[in-house]
file input_27.cif (mmCIF, C-alpha atoms)
data_data
#
loop_
_atom_site.label_atom_id
_atom_site.label_comp_id
_atom_site.auth_asym_id
_atom_site.auth_seq_id
_atom_site.Cartn_x
_atom_site.Cartn_y
_atom_site.Cartn_z
CA MET H 1 17.80 -4.51 -28.30
CA GLY H 2 16.44 -2.23 -30.99
CA THR H 3 18.32 -0.36 -33.66
CA ASP H 4 17.58 2.89 -31.81
CA SER H 5 19.82 1.82 -28.92
CA PRO H 6 23.37 3.21 -28.94
CA PHE H 7 24.61 -0.29 -28.02
CA TRP H 8 23.12 -1.98 -31.09
CA VAL H 9 25.78 -3.33 -33.42
CA PRO H 10 24.86 -3.13 -37.13
CA GLY H 11 24.78 -6.55 -38.71
CA GLU H 12 23.72 -8.35 -35.54
CA ALA H 13 20.63 -10.42 -35.98
CA GLU H 14 17.61 -8.90 -34.31
CA LEU H 15 15.85 -11.24 -31.93
CA GLU H 16 12.11 -10.84 -31.85
CA ALA H 17 10.92 -10.85 -28.25
CA PRO H 18 7.46 -12.28 -27.60
CA ASP H 19 4.80 -9.76 -26.69
CA ARG H 20 4.22 -11.43 -23.33
CA LEU H 21 5.85 -14.22 -21.40
CA GLU H 22 3.96 -17.46 -21.62
CA ASP H 23 2.13 -18.52 -18.45
CA GLY H 24 4.56 -20.23 -16.13
CA ALA H 25 7.57 -19.39 -18.33
CA THR H 26 10.33 -18.01 -16.17
CA GLY H 27 13.47 -19.02 -18.07
CA LEU H 28 16.44 -18.81 -15.73
CA TYR H 29 14.07 -18.04 -12.88
CA GLY H 30 12.51 -21.47 -12.51
CA ASP H 31 12.22 -20.95 -8.77
CA LEU H 32 9.46 -18.34 -9.21
CA PRO H 33 5.88 -19.45 -8.69
CA PRO H 34 3.69 -19.56 -11.81
CA GLY H 35 1.96 -16.31 -12.72
CA LEU H 36 4.81 -13.98 -11.78
CA GLY H 37 6.00 -13.67 -15.38
CA PRO H 38 4.33 -10.27 -15.92
CA LEU H 39 5.99 -8.85 -12.78
CA LEU H 40 9.34 -10.19 -13.93
CA GLU H 41 8.71 -8.61 -17.32
CA VAL H 42 7.94 -5.22 -15.73
CA SER H 43 11.06 -5.54 -13.58
CA ALA H 44 13.30 -6.34 -16.53
CA GLU H 45 11.86 -3.45 -18.53
CA CYS H 46 12.46 -1.01 -15.67
CA VAL H 47 16.08 -2.19 -15.29
CA ALA H 48 16.68 -1.91 -19.05
CA ARG H 49 15.14 1.56 -19.25
CA ALA H 50 17.06 2.65 -16.13
CA PHE H 51 20.30 1.51 -17.75
CA ASP H 52 19.49 3.45 -20.91
CA ALA H 53 18.82 6.58 -18.83
CA TYR H 54 22.02 6.01 -16.82
CA ALA H 55 24.08 5.65 -20.00
CA LYS H 56 22.65 8.94 -21.27
CA GLY H 57 23.50 10.70 -17.99
CA GLN H 58 19.85 11.11 -16.98
CA MET H 59 20.28 10.14 -13.32
CA GLU H 60 16.93 11.53 -12.17
CA LEU H 61 15.08 9.42 -14.75
CA CYS H 62 17.22 6.39 -13.90
CA ASN H 63 16.38 6.67 -10.20
CA ALA H 64 12.70 7.25 -10.98
CA LEU H 65 12.60 4.08 -13.08
CA LEU H 66 14.24 2.09 -10.29
CA ALA H 67 11.67 3.45 -7.83
CA GLU H 68 8.91 2.55 -10.29
CA GLY H 69 10.21 -1.02 -10.53
CA MET H 70 10.36 -1.31 -6.75
CA GLY H 71 6.84 0.02 -6.40
CA ALA H 72 5.37 -2.08 -9.19
CA ALA H 73 7.03 -5.43 -8.56
CA GLY H 74 8.56 -5.24 -5.07
CA GLU H 75 10.34 -8.47 -4.17
CA ILE H 76 10.37 -9.69 -7.78
CA PHE H 77 12.21 -6.51 -8.81
CA THR H 78 14.65 -6.89 -5.92
CA GLY H 79 15.23 -10.55 -6.82
CA LEU H 80 15.96 -9.64 -10.43
CA VAL H 81 18.39 -6.92 -9.34
CA GLU H 82 20.14 -9.39 -7.01
CA ARG H 83 20.65 -11.75 -9.95
CA VAL H 84 21.67 -9.08 -12.46
CA THR H 85 24.25 -7.62 -10.08
CA SER H 86 25.59 -11.06 -9.14
CA ARG H 87 29.03 -12.00 -10.49
CA THR H 88 27.53 -15.27 -11.73
CA TYR H 89 24.90 -13.59 -13.94
CA PRO H 90 25.83 -14.78 -17.45
CA TYR H 91 24.74 -11.71 -19.44
CA ARG H 92 26.69 -8.46 -19.67
CA VAL H 93 26.13 -5.38 -21.79
CA ASP H 94 29.10 -4.33 -23.89
CA SER H 95 29.16 -0.75 -22.67
CA PRO H 96 31.54 1.26 -20.52
CA HIS H 97 28.47 2.28 -18.48
CA TRP H 98 27.43 -1.25 -17.52
CA VAL H 99 29.69 -1.87 -14.50
CA PRO H 100 29.09 1.60 -12.97
CA PHE H 101 25.35 1.08 -13.57
CA LEU H 102 25.46 -2.25 -11.73
CA THR H 103 27.10 -0.51 -8.79
CA HIS H 104 24.44 2.20 -8.85
CA LEU H 105 21.68 -0.41 -9.22
CA ALA H 106 22.91 -2.43 -6.25
CA PHE H 107 23.31 0.70 -4.12
CA MET H 108 19.86 2.08 -4.95
CA VAL H 109 17.87 -1.17 -4.73
CA LEU H 110 19.74 -3.60 -2.49
CA ASP H 111 21.17 -1.10 -0.01
CA PRO H 112 18.69 1.78 0.11
CA GLU H 113 19.28 4.54 2.60
CA PRO H 114 17.43 3.85 5.81
CA ALA H 115 14.94 6.46 6.84
CA PRO H 116 16.40 8.82 9.41
CA PRO H 117 15.11 8.26 12.92
CA ALA H 118 12.29 10.51 14.01
CA PRO H 119 13.51 13.44 16.09
CA ALA H 120 12.81 13.29 19.79
CA PRO H 121 9.76 15.30 20.76
CA ARG H 122 10.64 18.72 22.09
CA ARG H 123 9.59 19.81 25.50
CA PRO H 124 7.47 22.93 25.23
CA ILE H 125 9.10 26.08 26.53
CA PRO H 126 7.12 27.22 29.55
CA PRO H 127 5.71 30.74 29.38
CA PRO H 128 7.44 33.37 31.53
CA ALA H 129 6.12 33.78 35.05
CA GLU H 130 5.47 37.50 34.53
CA PRO H 131 4.39 39.30 31.36
CA ILE H 132 7.27 40.81 29.36
CA ASP H 133 7.25 44.38 28.12
CA LEU H 134 8.81 43.89 24.69
CA VAL H 135 9.44 47.58 24.10
CA ALA H 136 11.29 47.90 27.42
CA GLU H 137 13.35 44.80 26.66
CA LEU H 138 14.36 46.13 23.22
CA ARG H 139 15.32 49.51 24.71
CA ALA H 140 17.39 47.80 27.38
CA MET H 141 19.30 45.94 24.64
CA GLY H 142 19.87 49.18 22.72
CA MET H 143 17.79 48.09 19.78
CA MET H 144 15.33 50.98 20.03
#
call {"tool": "encode", "arguments": {"input": "input_27.cif", "output": "structure tokens"}}
result
Amino acid sequence: MGTDSPFWVPGEAELEAPDRLEDGATGLYGDLPPGLGPLLEVSAECVARAFDAYAKGQMELCNALLAEGMGAAGEIFTGLVERVTSRTYPYRVDSPHWVPFLTHLAFMVLDPEPAPPAPAPRRPIPPPAEPIDLVAELRAMGMM
């Protein structure tokens, strides 16, 4: 967490993150096949940036970042979100926005709205048997 984050506490030691995950390094995610580190990295960055946007009240940006993570990493992103939103996940952000964000994250990623069913095709309205005189019809209704 950088010093530009509102959740950075002055005096805390800054941890230098490596530029890239080492090949096959998955940390807590040892069940992932080798080579998925970059997708996990993209997923984690999207979640972190979405949280930052959520905490700032930028819901549209937050949702766009979640959609970007889903599109870029798919199942890896979903797996990360499942773990982050799990009660057993050991890391929590000391922010009043964290728990509401987790709820929003789970709702948007793990329980997305299903697409509405396609409407039933309409039967075409058959043309009238005899031609209609529109002027006569409008006069009969008192509109002319």
call {"tool": "atom_distance", "arguments": {"input": "input_27.cif", "atom1": "atom CA of Ala64 of chain H", "atom2": "atom CA of Gly37 of chain H"}}
result
22.4 Å
call {"tool": "closest_residue", "arguments": {"input": "input_27.cif", "among": "H:Val135, H:Leu80, H:Ala44, H:Met59", "to": "Phe101 of chain H", "atoms": "only C-alpha atoms"}}
result
H:Met59
call {"tool": "closest_residue", "arguments": {"input": "input_27.cif", "among": "H:Cys46, H:Ile76, H:Leu134, H:Met141", "to": "Leu105 of chain H", "atoms": "all atoms listed in the file"}}
result
H:Cys46
call {"tool": "atom_distance", "arguments": {"input": "input_27.cif", "atom1": "atom CA of Leu65 of chain H", "atom2": "atom CA of Phe77 of chain H"}}
result
11.4 Å
call {"tool": "atom_distance", "arguments": {"input": "input_27.cif", "atom1": "atom CA of Thr103 of chain H", "atom2": "atom CA of Pro38 of chain H"}}
result
25.8 Å
call {"tool": "residues_around", "arguments": {"input": "input_27.cif", "residues": "Asp111 of chain H", "least_positions_apart": "5", "cutoff": "12 Å", "atoms": "all atoms listed in the file", "output": "CSV table (one decimal) with C-alpha atoms, keeping the file's coordinate frame"}}
result
chain,number,residue,atom,x,y,z
H,78,THR,CA,14.6,-6.9,-5.9
H,81,VAL,CA,18.4,-6.9,-9.3
H,82,GLU,CA,20.1,-9.4,-7.0
H,103,THR,CA,27.1,-0.5,-8.8
H,104,HIS,CA,24.4,2.2,-8.8
H,105,LEU,CA,21.7,-0.4,-9.2
H,106,ALA,CA,22.9,-2.4,-6.2
call {"tool": "closest_residue", "arguments": {"input": "input_27.cif", "among": "H:Thr88, H:Met143, H:Leu66, H:Ala129", "to": "Asp52 of chain H", "atoms": "only C-alpha atoms"}}
result
H:Leu66
call {"tool": "axis_aligned_box", "arguments": {"input": "input_27.cif", "around": "segment 53-64 of chain H", "padding_each_side": "6 Å", "output": "AutoDock Vina command-line options"}}
result
--center_x 18.4 --center_y 8.6 --center_z -15.7 --size_x 23.4 --size_y 17.9 --size_z 23.1
call {"tool": "closest_residue", "arguments": {"input": "input_27.cif", "among": "H:Leu39, H:Val47, H:Ile132, H:Met144", "to": "Leu102 of chain H", "atoms": "only C-alpha atoms"}}
result
H:Val47
call {"tool": "closest_residue", "arguments": {"input": "input_27.cif", "among": "H:Ala136, H:Ala55, H:Val109, H:Ile125", "to": "Val84 of chain H", "atoms": "all atoms listed in the file"}}
result
H:Val109
call {"tool": "resolve_selection", "arguments": {"input": "input_27.cif", "expression": "the PyMOL selection byres ((chain H and resi 72) around 8)", "output": "PyMOL selection string"}}
result
chain H and resi 39+42-43+68-71+73-74
call {"tool": "resolve_selection", "arguments": {"input": "input_27.cif", "expression": "the PyMOL selection byres ((chain H and resi 96) around 12)", "output": "PyMOL selection string"}}
result
chain H and resi 6-7+51+54-56+92-95+97-102
call {"tool": "closest_residue", "arguments": {"input": "input_27.cif", "among": "H:Pro121, H:Asn63, H:Ala53, H:Asp133", "to": "Phe107 of chain H", "atoms": "only C-alpha atoms"}}
result
H:Asn63
call {"tool": "build_atoms", "arguments": {"input": "input_27.cif", "residues": "segment 90-123 of chain H", "atoms": "N, CA and C atoms", "output": "CSV table (one decimal), keeping the file's coordinate frame"}}
result
chain,number,residue,atom,x,y,z
H,90,PRO,N,25.1,-14.5,-16.2
H,90,PRO,CA,25.8,-14.8,-17.4
H,90,PRO,C,25.8,-13.7,-18.5
H,91,TYR,N,24.9,-12.7,-18.4
H,91,TYR,CA,24.7,-11.7,-19.4
H,91,TYR,C,25.3,-10.4,-19.0
H,92,ARG,N,26.1,-9.8,-19.9
H,92,ARG,CA,26.7,-8.5,-19.7
H,92,ARG,C,26.5,-7.6,-20.9
H,93,VAL,N,26.3,-6.3,-20.7
H,93,VAL,CA,26.1,-5.4,-21.8
H,93,VAL,C,27.5,-4.8,-22.1
H,94,ASP,N,27.8,-4.8,-23.4
H,94,ASP,CA,29.1,-4.3,-23.9
H,94,ASP,C,29.0,-2.8,-23.9
H,95,SER,N,29.2,-2.2,-22.8
H,95,SER,CA,29.2,-0.8,-22.7
H,95,SER,C,30.1,-0.3,-21.5
H,96,PRO,N,30.7,0.8,-21.6
H,96,PRO,CA,31.5,1.3,-20.5
H,96,PRO,C,30.7,1.7,-19.3
H,97,HIS,N,29.4,1.8,-19.6
H,97,HIS,CA,28.5,2.3,-18.5
H,97,HIS,C,27.9,1.1,-17.7
H,98,TRP,N,28.1,-0.1,-18.2
H,98,TRP,CA,27.4,-1.2,-17.5
H,98,TRP,C,27.9,-1.5,-16.1
H,99,VAL,N,29.2,-1.6,-15.8
H,99,VAL,CA,29.7,-1.9,-14.5
H,99,VAL,C,29.3,-0.7,-13.5
H,100,PRO,N,29.5,0.6,-13.9
H,100,PRO,CA,29.1,1.6,-13.0
H,100,PRO,C,27.6,1.6,-12.7
H,101,PHE,N,26.8,1.2,-13.8
H,101,PHE,CA,25.4,1.1,-13.6
H,101,PHE,C,25.0,0.0,-12.6
H,102,LEU,N,25.7,-1.2,-12.7
H,102,LEU,CA,25.5,-2.2,-11.7
H,102,LEU,C,25.7,-1.8,-10.3
H,103,THR,N,26.8,-1.0,-10.1
H,103,THR,CA,27.1,-0.5,-8.8
H,103,THR,C,26.0,0.4,-8.3
H,104,HIS,N,25.5,1.3,-9.2
H,104,HIS,CA,24.4,2.2,-8.8
H,104,HIS,C,23.2,1.4,-8.6
H,105,LEU,N,22.9,0.4,-9.4
H,105,LEU,CA,21.7,-0.4,-9.2
H,105,LEU,C,21.7,-1.1,-7.9
H,106,ALA,N,22.8,-1.7,-7.5
H,106,ALA,CA,22.9,-2.4,-6.2
H,106,ALA,C,22.8,-1.5,-5.1
H,107,PHE,N,23.4,-0.3,-5.2
H,107,PHE,CA,23.3,0.7,-4.1
H,107,PHE,C,21.9,1.2,-3.9
H,108,MET,N,21.2,1.5,-5.0
H,108,MET,CA,19.9,2.1,-5.0
H,108,MET,C,18.8,1.1,-4.5
H,109,VAL,N,18.9,-0.2,-5.0
H,109,VAL,CA,17.9,-1.2,-4.7
H,109,VAL,C,18.2,-2.1,-3.6
H,110,LEU,N,19.4,-2.6,-3.5
H,110,LEU,CA,19.7,-3.6,-2.5
H,110,LEU,C,20.2,-3.0,-1.2
H,111,ASP,N,20.7,-1.8,-1.2
H,111,ASP,CA,21.2,-1.1,0.0
H,111,ASP,C,20.6,0.3,0.1
H,112,PRO,N,19.3,0.4,0.1
H,112,PRO,CA,18.7,1.8,0.1
H,112,PRO,C,19.0,2.5,1.4
H,113,GLU,N,19.0,3.8,1.4
H,113,GLU,CA,19.3,4.5,2.6
H,113,GLU,C,18.2,4.3,3.6
H,114,PRO,N,18.5,4.0,4.8
H,114,PRO,CA,17.4,3.8,5.8
H,114,PRO,C,16.8,5.2,6.1
H,115,ALA,N,15.6,5.2,6.5
H,115,ALA,CA,14.9,6.5,6.8
H,115,ALA,C,15.6,7.0,8.1
H,116,PRO,N,15.8,8.3,8.2
H,116,PRO,CA,16.4,8.8,9.4
H,116,PRO,C,15.4,8.6,10.6
H,117,PRO,N,16.0,8.4,11.8
H,117,PRO,CA,15.1,8.3,12.9
H,117,PRO,C,14.3,9.5,13.2
H,118,ALA,N,13.1,9.4,13.7
H,118,ALA,CA,12.3,10.5,14.0
H,118,ALA,C,13.0,11.3,15.1
H,119,PRO,N,12.9,12.6,15.0
H,119,PRO,CA,13.5,13.4,16.1
H,119,PRO,C,12.7,13.3,17.4
H,120,ALA,N,13.5,13.4,18.5
H,120,ALA,CA,12.8,13.3,19.8
H,120,ALA,C,11.8,14.5,20.0
H,121,PRO,N,10.7,14.2,20.6
H,121,PRO,CA,9.8,15.3,20.8
H,121,PRO,C,10.4,16.4,21.7
H,122,ARG,N,10.1,17.6,21.3
H,122,ARG,CA,10.6,18.7,22.1
H,122,ARG,C,9.7,19.0,23.3
H,123,ARG,N,10.4,19.4,24.3
H,123,ARG,CA,9.6,19.8,25.5
H,123,ARG,C,9.2,21.2,25.2
